[in-house]
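Text of the file target39.txt, holding compact mmCIF, C-alpha atoms:
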```txt
# COMPACT_ATOMS: atom_id res chain seq x y z
CA TYR N 1 84.23 152.88 191.38
CA THR N 2 85.33 154.87 194.42
CA ILE N 3 88.94 154.91 195.55
CA GLY N 4 87.94 152.76 198.52
CA MET N 5 86.33 150.12 196.31
CA LEU N 6 89.35 150.01 193.98
CA LEU N 7 91.67 149.65 196.97
CA ALA N 8 89.55 146.79 198.31
CA ILE N 9 89.60 144.99 194.94
CA PHE N 10 93.39 145.42 194.72
CA THR N 11 93.85 144.11 198.25
CA VAL N 12 91.70 141.01 197.63
CA SER N 13 93.50 140.31 194.33
CA THR N 14 96.87 140.53 196.06
CA LEU N 15 95.81 138.15 198.80
CA VAL N 16 94.53 135.62 196.26
CA ALA N 17 97.73 135.88 194.20
CA GLN N 18 99.89 135.26 197.27
CA GLU N 19 97.82 132.35 198.58
CA ARG N 20 99.74 129.10 198.70
CA ILE N 21 98.59 126.41 196.27
CA ASN N 22 97.72 123.06 197.86
CA GLU N 23 96.34 121.33 194.76
CA ALA N 24 97.69 121.51 191.21
CA MET N 25 98.73 119.63 188.08
CA ILE N 26 101.94 120.53 186.26
CA GLN N 27 103.30 119.34 182.91
CA THR N 28 106.99 119.76 182.11
CA LYS N 29 109.49 119.03 179.37
CA MET N 30 113.20 118.56 179.89
CA GLU N 31 115.56 118.40 176.91
CA ILE N 32 118.89 116.83 177.85
CA ASN N 33 121.91 116.55 175.59
CA ASN N 34 124.40 114.14 177.16
CA PRO N 35 127.94 114.05 175.70
CA ASP N 36 128.57 110.38 176.60
CA ASN N 37 126.27 109.34 173.72
CA GLY N 38 124.27 106.97 175.90
CA GLN N 39 127.18 104.68 176.82
CA ILE N 40 126.35 102.16 179.52
CA PRO N 41 128.97 101.68 182.27
CA GLY N 42 130.73 98.33 182.32
CA GLY N 43 131.20 95.90 185.18
CA LEU N 44 127.51 95.16 185.73
CA PRO N 45 126.41 91.57 186.50
CA GLU N 46 124.76 89.55 183.78
CA GLY N 47 121.00 90.09 183.66
CA ALA N 48 121.13 93.52 185.26
CA MET N 49 118.70 96.06 183.83
CA VAL N 50 120.11 99.57 183.57
CA MET N 51 117.69 102.46 183.93
CA ARG N 52 119.10 105.79 182.78
CA PHE N 53 117.57 108.95 184.17
CA GLY N 54 118.62 112.12 182.42
CA ASP N 55 119.16 111.48 178.69
CA GLY N 56 117.14 112.76 175.73
CA ASP N 57 113.74 114.45 176.00
CA ILE N 58 111.82 113.75 179.19
CA THR N 59 108.19 114.75 179.72
CA SER N 60 106.53 114.66 183.11
CA LYS N 61 103.18 115.21 184.78
CA ILE N 62 103.24 116.29 188.40
CA TYR N 63 100.21 116.02 190.68
CA PHE N 64 100.25 117.82 194.02
CA LYS N 65 97.69 117.75 196.80
CA ASN N 66 98.05 118.55 200.50
CA GLY N 67 101.70 117.59 200.84
CA MET N 68 101.57 114.59 198.50
CA THR N 69 103.30 114.68 195.11
CA LYS N 70 103.21 112.23 192.23
CA ILE N 71 105.58 112.57 189.27
CA GLU N 72 104.81 110.54 186.15
CA THR N 73 107.75 110.54 183.72
CA ASP N 74 108.06 109.18 180.19
CA MET N 75 111.71 108.42 179.40
CA GLY N 76 111.16 106.85 176.00
CA MET N 77 112.31 103.31 176.88
CA GLY N 78 109.94 103.15 179.82
CA LYS N 79 107.84 105.04 182.31
CA ASN N 80 108.36 105.67 185.97
CA GLN N 81 106.29 107.11 188.78
CA VAL N 82 107.56 108.76 191.92
CA ILE N 83 105.18 109.22 194.84
CA ILE N 84 106.53 111.60 197.48
CA ASP N 85 105.09 112.00 200.94
CA GLY N 86 106.46 115.48 201.61
CA ILE N 87 105.25 115.51 205.22
CA ASN N 88 106.66 112.14 206.30
CA LYS N 89 109.67 112.37 203.91
CA LYS N 90 109.14 109.01 202.25
CA THR N 91 109.50 108.29 198.54
CA THR N 92 108.21 105.35 196.50
CA THR N 93 109.65 104.96 193.00
CA LEU N 94 107.83 102.72 190.47
CA ILE N 95 109.43 101.68 187.17
CA GLU N 96 107.83 99.90 184.22
CA ALA N 97 110.24 98.87 181.47
CA MET N 98 111.12 95.84 179.36
CA GLY N 99 107.98 94.07 180.49
CA ARG N 100 108.84 94.40 184.17
CA LYS N 101 107.13 96.32 186.96
CA MET N 102 109.31 97.02 189.96
CA GLY N 103 109.94 99.68 192.52
CA PHE N 104 111.58 100.67 195.75
CA THR N 105 110.94 102.75 198.82
CA SER N 106 113.54 105.16 200.12
CA THR N 107 114.36 107.78 202.69
CA ASP N 108 115.53 111.26 201.72
CA ALA N 109 119.19 110.31 202.33
CA GLU N 110 118.97 107.19 200.16
CA MET N 111 117.25 109.06 197.34
CA GLN N 112 119.90 111.78 197.41
CA ALA N 113 122.66 109.15 197.18
CA MET N 114 120.98 107.50 194.18
CA MET N 115 120.47 110.79 192.36
CA GLN N 116 124.18 111.55 192.74
CA GLY N 117 124.93 108.18 191.16
CA GLY N 118 127.08 106.76 193.92
CA ASP N 119 127.19 104.51 196.96
CA SER N 120 128.07 105.46 200.52
CA SER N 121 131.83 105.53 199.78
CA ARG N 122 131.29 108.03 196.97
CA GLN N 123 129.05 110.08 199.20
CA ARG N 124 131.92 110.38 201.68
CA ALA N 125 134.29 111.41 198.89
CA MET N 126 131.79 113.89 197.39
CA PRO N 127 129.40 115.22 200.06
CA ASN N 128 126.12 116.92 199.25
CA PHE N 129 126.59 120.20 197.43
CA ASN N 130 124.75 122.94 199.33
CA PRO N 131 126.38 126.29 198.51
CA GLU N 132 125.16 129.65 199.76
CA VAL N 133 122.88 131.00 197.04
CA PHE N 134 121.98 134.64 196.44
CA VAL N 135 118.88 135.52 194.39
CA GLU N 136 118.69 138.67 192.26
CA TYR N 137 115.29 139.61 190.83
CA LEU N 138 115.23 141.31 187.43
CA ASN N 139 112.51 143.22 185.58
CA ASP N 140 112.59 141.06 182.43
CA ALA N 141 109.21 139.45 181.68
CA LYS N 142 107.78 136.93 179.21
CA LYS N 143 104.87 134.48 178.98
CA ILE N 144 105.44 130.79 179.62
CA ALA N 145 102.50 128.38 179.40
CA GLY N 146 100.19 131.41 179.35
CA ILE N 147 101.58 132.84 182.60
CA VAL N 148 103.50 136.12 182.84
CA CYS N 149 106.89 135.23 184.30
CA LYS N 150 109.80 137.23 185.64
CA LYS N 151 113.53 136.55 185.52
CA ALA N 152 115.80 135.81 188.47
CA MET N 153 119.53 135.14 188.73
CA LEU N 154 120.86 132.54 191.17
CA ARG N 155 124.44 133.34 192.12
CA TYR N 156 126.70 130.85 193.92
CA LEU N 157 130.14 129.21 193.83
CA ASN N 158 130.40 125.72 192.29
CA ARG N 159 132.53 122.88 193.65
CA LYS N 160 135.61 124.41 191.98
CA GLY N 161 135.03 127.78 193.63
CA GLU N 162 133.94 129.35 190.33
CA GLU N 163 131.09 131.90 190.30
CA VAL N 164 127.88 130.67 188.67
CA ASN N 165 125.15 133.00 187.41
CA GLN N 166 122.09 130.84 186.71
CA ALA N 167 119.09 132.49 185.02
CA VAL N 168 115.63 131.18 185.98
CA TRP N 169 112.22 132.33 184.70
CA TYR N 170 109.57 132.06 187.42
CA ALA N 171 105.88 132.76 188.06
CA PRO N 172 105.90 135.33 190.91
CA ASP N 173 102.28 134.78 191.93
CA VAL N 174 102.54 131.00 192.34
CA GLN N 175 103.59 129.68 195.75
CA MET N 176 103.18 125.94 196.35
CA GLY N 177 101.92 124.73 199.73
CA GLU N 178 103.55 122.74 202.51
CA GLY N 179 105.08 119.45 201.46
CA PHE N 180 105.86 120.45 197.87
CA ARG N 181 109.59 119.93 197.44
CA MET N 182 111.02 121.79 194.49
CA ASN N 183 114.25 119.80 194.42
CA ASP N 184 112.39 116.50 194.07
CA MET N 185 110.51 117.79 191.05
CA MET N 186 113.67 119.07 189.36
CA ARG N 187 116.32 116.61 190.51
CA ALA N 188 117.73 116.00 187.02
CA ALA N 189 118.50 119.72 186.70
CA ASN N 190 120.37 119.77 190.03
CA ILE N 191 120.41 123.56 190.45
CA PRO N 192 121.04 124.82 194.00
CA GLY N 193 118.69 127.45 195.39
CA LEU N 194 115.60 126.89 193.23
CA GLU N 195 113.51 126.66 196.37
CA LYS N 196 114.65 130.15 197.42
CA ILE N 197 112.96 131.89 194.50
CA LYS N 198 109.80 133.77 195.53
CA GLY N 199 107.63 132.08 192.95
CA PHE N 200 107.44 128.91 190.85
CA PRO N 201 110.36 128.07 188.47
CA MET N 202 109.00 127.86 184.91
CA GLU N 203 112.02 127.72 182.60
CA PHE N 204 115.79 127.54 182.74
CA GLU N 205 118.81 126.16 180.91
CA THR N 206 121.97 124.86 182.55
CA THR N 207 125.10 122.83 181.84
CA ARG N 208 126.25 120.06 184.15
CA THR N 209 129.86 119.38 185.07
CA ASN N 210 129.86 116.34 182.77
CA GLY N 211 129.00 118.61 179.81
CA ALA N 212 125.33 117.68 179.55
CA THR N 213 123.01 120.58 178.78
CA VAL N 214 119.53 120.73 180.31
CA HIS N 215 116.65 122.89 179.07
CA TYR N 216 113.64 122.74 181.39
CA THR N 217 110.22 124.22 180.63
CA VAL N 218 106.80 124.07 182.28
CA THR N 219 104.36 123.46 179.42
CA LYS N 220 101.19 123.58 181.56
CA LEU N 221 100.42 124.80 185.06
CA ASP N 222 96.85 124.04 186.14
CA LEU N 223 96.16 125.66 189.51
CA ASN N 224 92.45 124.75 189.36
CA ALA N 225 93.01 121.01 188.93
CA LYS N 226 91.03 118.60 191.08
CA VAL N 227 93.41 115.79 192.02
CA ASP N 228 91.84 112.52 193.15
CA ASP N 229 93.26 111.06 196.37
CA LYS N 230 93.59 107.72 194.52
CA THR N 231 96.36 109.31 192.45
CA PHE N 232 98.77 108.68 195.33
CA VAL N 233 97.75 105.07 196.04
CA ILE N 234 100.62 102.66 195.33
CA PRO N 235 99.51 99.96 192.83
CA LYS N 236 99.69 96.33 193.92
CA ASP N 237 101.10 94.85 190.69
CA TYR N 238 104.64 96.17 191.29
CA ASP N 239 107.47 94.25 192.96
CA ILE N 240 108.51 96.85 195.53
CA LYS N 241 111.58 96.50 197.74
CA PRO N 242 113.53 98.75 200.10
CA MET N 243 116.23 100.86 198.49
CA SER N 244 118.92 98.96 200.46
CA GLU N 245 118.08 95.74 198.58
CA MET N 246 118.19 97.48 195.20
CA ARG N 247 121.73 98.70 195.90
CA GLN N 248 123.14 95.27 196.79
CA GLY N 249 125.20 93.16 194.40
CA GLY N 250 123.86 90.48 192.08
CA PRO N 251 121.39 90.58 189.16
CA GLY N 252 118.65 93.13 189.34
CA MET N 253 118.09 96.76 188.58
CA ARG N 254 120.87 99.33 188.31
CA PHE N 255 120.46 103.07 188.12
CA ARG N 256 122.53 105.57 186.26
CA MET N 257 121.89 109.24 186.65
CA GLY N 258 122.61 111.76 183.93
CA GLY N 259 125.26 113.61 185.91
CA SER N 260 125.51 116.08 188.76
CA MET N 261 126.75 119.56 189.46
```
I'd like the structure from this file rewritten - as structure tokens, please.
Amino acid sequence: YTIGMLLAIFTVSTLVAQERINEAMIQTKMEINNPDNGQIPGGLPEGAMVMRFGDGDITSKIYFKNGMTKIETDMGMGKNQVIIDGINKKTTTLIEAMGRKMGFTSTDAEMQAMMQGGDSSRQRAMPNFNPEVFVEYLNDAKKIAGIVCKKAMLRYLNRKGEEVNQAVWYAPDVQMGEGFRMNDMMRAANIPGLEKIKGFPMEFETTRTNGATVHYTVTKLDLNAKVDDKTFVIPKDYDIKPMSEMRQGGPGMRFRMGGSM
């Protein structure tokens, strides 16, 4: 090979590596150790079904194609699907548990309120946590799911004003396309600044303010997957309501999140 040919090969390889991914399938595992030992909050109406997100081992499959994301999650007691329209900012959550199939549609603001485990009054008392995050890139490297990953440190101040140094292993050559929202995929981890990393987060471990520890790992990252458009079609056998109805009083479904930062 001449120097010119080698340079051309290197240039093409770099362009391919930096190309944004618009179609992929991702498998993840999240191990969560919650100190409340699975206690269910009191004061719920009779007949209410409590769905807990964020306890025990959780495995997920994520499908992404042209701004659409589908997250299939197995929580042990039941399965749920989340279909996210990243362009139009609309989310449909489907839950199958205890012989029931139900779901709700939500806006970004409503979904954020649910994930923080509170109603509008709590949101006023504890506003969204969006600290300034600084990213430091380190030279440490290791393979995760067959991909060579690098280490980054996210540095920010928590709600108490304490400095946090959060280590994250990431795939530097993987950049997801428009509409892929990192925070939606990793809501249970609730780490600020993940979307700022120049690459795809592959593994991290963190501790929430309630004492729960979270270990997140990507077990498979298929960048050559062919995702069928039917993957994002909402099934007709679910009782789907607006989020506002799900948050009203009376018997029905209640949500409890595993904690927040």
Q: In Å, rounded to a single decimal, give me how far atom CA of N:Gly56 is from atom CA of N:Val168.
A: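 According to the coordinates, atom CA of N:Val168 and atom CA of N:Gly56 are separated by 21.1 Å.
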Q: One decimal, Å: what's the distance from atom CA of N:Val233 over to atom CA of N:Val218, could you say?
A: 25.1 Å
**Q.** Surrounding residues of N:Glu132 excluding itself and chain neighbours under 4 positions, 10 Å, only C-alpha atoms, as a ChimeraX atom specification
**A.** /N:155-158,192-193
(Q) So, with only C-alpha atoms as the atoms that count, which of N:Asn139, N:Thr207, N:Asn33, N:Thr219 lies closest to N:Gln166? (A) N:Thr207
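In terms of minimum interatomic distance to N:Arg20, N:Gln175 ranks closest within N:Asn80, N:Gln175, N:Thr93, N:Asn34, counting all atoms listed in the file.
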